[in-house]
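Student: This is the structure I want to talk about, given as structure tokens.
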Amino acid sequence: MSECHEDGTLKNRAELEMTQQQEIVTGTLTPDQLRDFVQSLAGFLPLITGPITIEYGSGTNVDIEQMWKPTPIAPADFLSFIEQSEEQGAFRLGSGDLIVRNGPGNLNCTLCHESDVHFVSGDESIIRQVIGLCADRGLDLLWSSYPVKDRSEWQPINTRPELRPHDPRTVS
């Protein structure tokens with residue numbers, strides 16, 4: 001990562017932070033909020049990616065050989081993958097980790113066993129879209145550079161629509 005613009009001037013701290021990996025996490029979601037968010041995520045994934053991979057993580061009910069093994073699927077199959085996994089008893093939303101990565105590798109999303117959702121990306125556009133996606137649902141978010149070393153690094157992002165000065169998805 002370069003600390004300078006093409007013209008040789010130094011980037012400011014905010015510019016450097018936006019080019020580094022960042023993590024956004026929701027607060028704990030109710031089962032209804034989590035299901036609603038997964039529905040929204042299913043509509044969001046095709047906008048930023050081609051094929052995705054899904055991995056079963058902690059708290060899932062699969063053999064160890066299946067855990068953390070990337071399974072490629074089309075974004076359009078995301079919801080049916082979750083439904084089938086729940087029907088088969090392999091995964092339960094909010095009780096196990098399901099890791100979703102996009103093809104270019106600039107988004108890592110974890111549907112977490114703690115009933116929250118984590119997003120990691122170094123792509124400013126994706127981070128802003130995630131903030132907008134969450135703001136549309138009135139969800140509070142925390143932000144940190146990635147990887148998070150200590151809980152004190154988390155900073156709240158106020159995403160309540162009435163308090164946002166602008167729609168982050170429209171910022172270029």
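If you're wondering about the labels, chains in the structure tokens are A, B, ... by order shown, residues count from 1 in each chain, ligands from 1 in order shown.
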If we count only C-alpha atoms, what is near Gly57 in chain A at a cut-off of 7 Å, once residues fewer than 4 positions away on the same chain are taken out, given as a list in words?
Tutor: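 Once the nearby chain positions are removed, what remains is Met67, Trp68, Gly96, Asp97, Leu98 and Ile99 of chain A.
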Student: Please dump the current selection as a CSV table (one decimal), in the first residue's frame; keep C-alpha atoms.
Tutor:
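Dumped everything to selection08.csv:
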```
chain,number,residue,atom,x,y,z
A,67,MET,CA,-15.3,-26.8,8.3
A,68,TRP,CA,-13.5,-23.9,6.8
A,96,GLY,CA,-23.0,-21.0,14.0
A,97,ASP,CA,-20.5,-19.1,11.8
A,98,LEU,CA,-21.0,-19.0,8.1
A,99,ILE,CA,-18.3,-17.2,6.2
```
Student: Need to verify the contact set: range 31-40 of chain A, 12 Å, only C-alpha atoms, exclusion of same-chain residues closer than 6 positions in sequence. Can you return it as a PyMOL selection string?
Tutor: chain A and resi 46-47+75-83+92-95+98+100+109-117+129-130+132-139
Student: Pick out the residues sitting within 12 Å of Trp154 in chain A, and hand them over as a VMD selection string; count only C-alpha atoms, and ignore anything fewer than 2 positions along from it in its own chain.
Tutor: chain A and resid 22 to 27 141 to 152 156 to 157
Student: Thr49 in chain A: which residues within 8 Å, counting only C-alpha atoms, same-chain residues fewer than 5 positions away excluded, as a list in words?
Tutor: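 Here the answer would be Asn102, Gly103 and Pro104 of chain A.
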Student: Please produce a file of those selected residues containing C-alpha atoms, as a short mmCIF file (atom, residue, chain, number, x, y, z; two decimals), in the first residue's frame.
Tutor:
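Saved the output as part_13.cif:
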```cif
data_model
loop_
_atom_site.label_atom_id
_atom_site.label_comp_id
_atom_site.auth_asym_id
_atom_site.auth_seq_id
_atom_site.Cartn_x
_atom_site.Cartn_y
_atom_site.Cartn_z
CA ASN A 102 -16.54 -12.79 -2.83
CA GLY A 103 -14.54 -13.86 -5.89
CA PRO A 104 -12.14 -10.91 -6.01
#
```
Student: Write out as a PyMOL selection string all residues of range 1-152 of chain A that backbone DSSP assigns to alpha helix (DSSP H).
Tutor: chain A and resi 13-19+31-48+78-87+124-135
Student: Pick from A:Ser85, A:Gln66, A:Asn108, A:Gln20: nearest to Ile52 in chain A, with only C-alpha atoms counted?
Tutor: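 Nearest candidate to Ile52 in chain A out of A:Ser85, A:Gln66, A:Asn108, A:Gln20: A:Asn108.
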Student: Please extract the residues of range 25-124 of chain A with a backbone DSSP assignment of strand (DSSP E) and present them as JSON, numbers by chain.
Tutor: {"A": [25, 26, 52, 53, 54, 55, 56, 71, 72, 73, 98, 99, 100, 101, 102, 108, 109, 110, 111, 117, 118, 119, 120, 121]}
Student: Please write the residues from the selection above to a file, keeping C-alpha atoms, as an mmCIF file, in the first residue's frame.
Tutor:
```cif
data_model
loop_
_atom_site.group_PDB
_atom_site.id
_atom_site.type_symbol
_atom_site.label_atom_id
_atom_site.label_comp_id
_atom_site.auth_asym_id
_atom_site.auth_seq_id
_atom_site.Cartn_x
_atom_site.Cartn_y
_atom_site.Cartn_z
ATOM 1 C CA VAL A 25 -19.776 -5.374 12.926
ATOM 2 C CA THR A 26 -23.452 -5.105 13.772
ATOM 3 C CA ILE A 52 -18.899 -16.391 -3.878
ATOM 4 C CA THR A 53 -17.552 -19.045 -1.544
ATOM 5 C CA ILE A 54 -19.168 -20.132 1.689
ATOM 6 C CA GLU A 55 -17.435 -21.866 4.588
ATOM 7 C CA TYR A 56 -18.897 -23.482 7.672
ATOM 8 C CA THR A 71 -17.711 -24.077 -1.289
ATOM 9 C CA PRO A 72 -18.246 -22.000 -4.438
ATOM 10 C CA ILE A 73 -21.827 -20.948 -5.209
ATOM 11 C CA LEU A 98 -21.047 -19.018 8.090
ATOM 12 C CA ILE A 99 -18.256 -17.211 6.233
ATOM 13 C CA VAL A 100 -19.037 -15.645 2.851
ATOM 14 C CA ARG A 101 -16.249 -14.377 0.585
ATOM 15 C CA ASN A 102 -16.539 -12.792 -2.828
ATOM 16 C CA ASN A 108 -15.318 -11.293 3.880
ATOM 17 C CA CYS A 109 -18.682 -11.505 5.657
ATOM 18 C CA THR A 110 -19.313 -13.694 8.698
ATOM 19 C CA LEU A 111 -22.823 -14.537 9.846
ATOM 20 C CA VAL A 117 -22.648 -9.938 11.301
ATOM 21 C CA HIS A 118 -19.003 -9.040 10.596
ATOM 22 C CA PHE A 119 -17.716 -7.482 7.375
ATOM 23 C CA VAL A 120 -14.019 -7.147 6.510
ATOM 24 C CA SER A 121 -12.835 -5.259 3.442
#
```
Student: Grab the CA of Arg128 in chain A to CA of Pro51 in chain A distance for me, in Å with one decimal place.
Tutor: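 Separation between CA of Arg128 in chain A and CA of Pro51 in chain A: 21.1 Å.
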Student: One decimal, in Å: what's the spacing between CA of Ala90 in chain A and CA of Leu41 in chain A?
Tutor: 20.4 Å
Student: Give me, please, the distance in Å between CA of Ala74 in chain A and CA of Ala42 in chain A, quoted to one decimal.
Tutor: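 Going from CA of Ala74 in chain A over to CA of Ala42 in chain A covers 10.6 Å.
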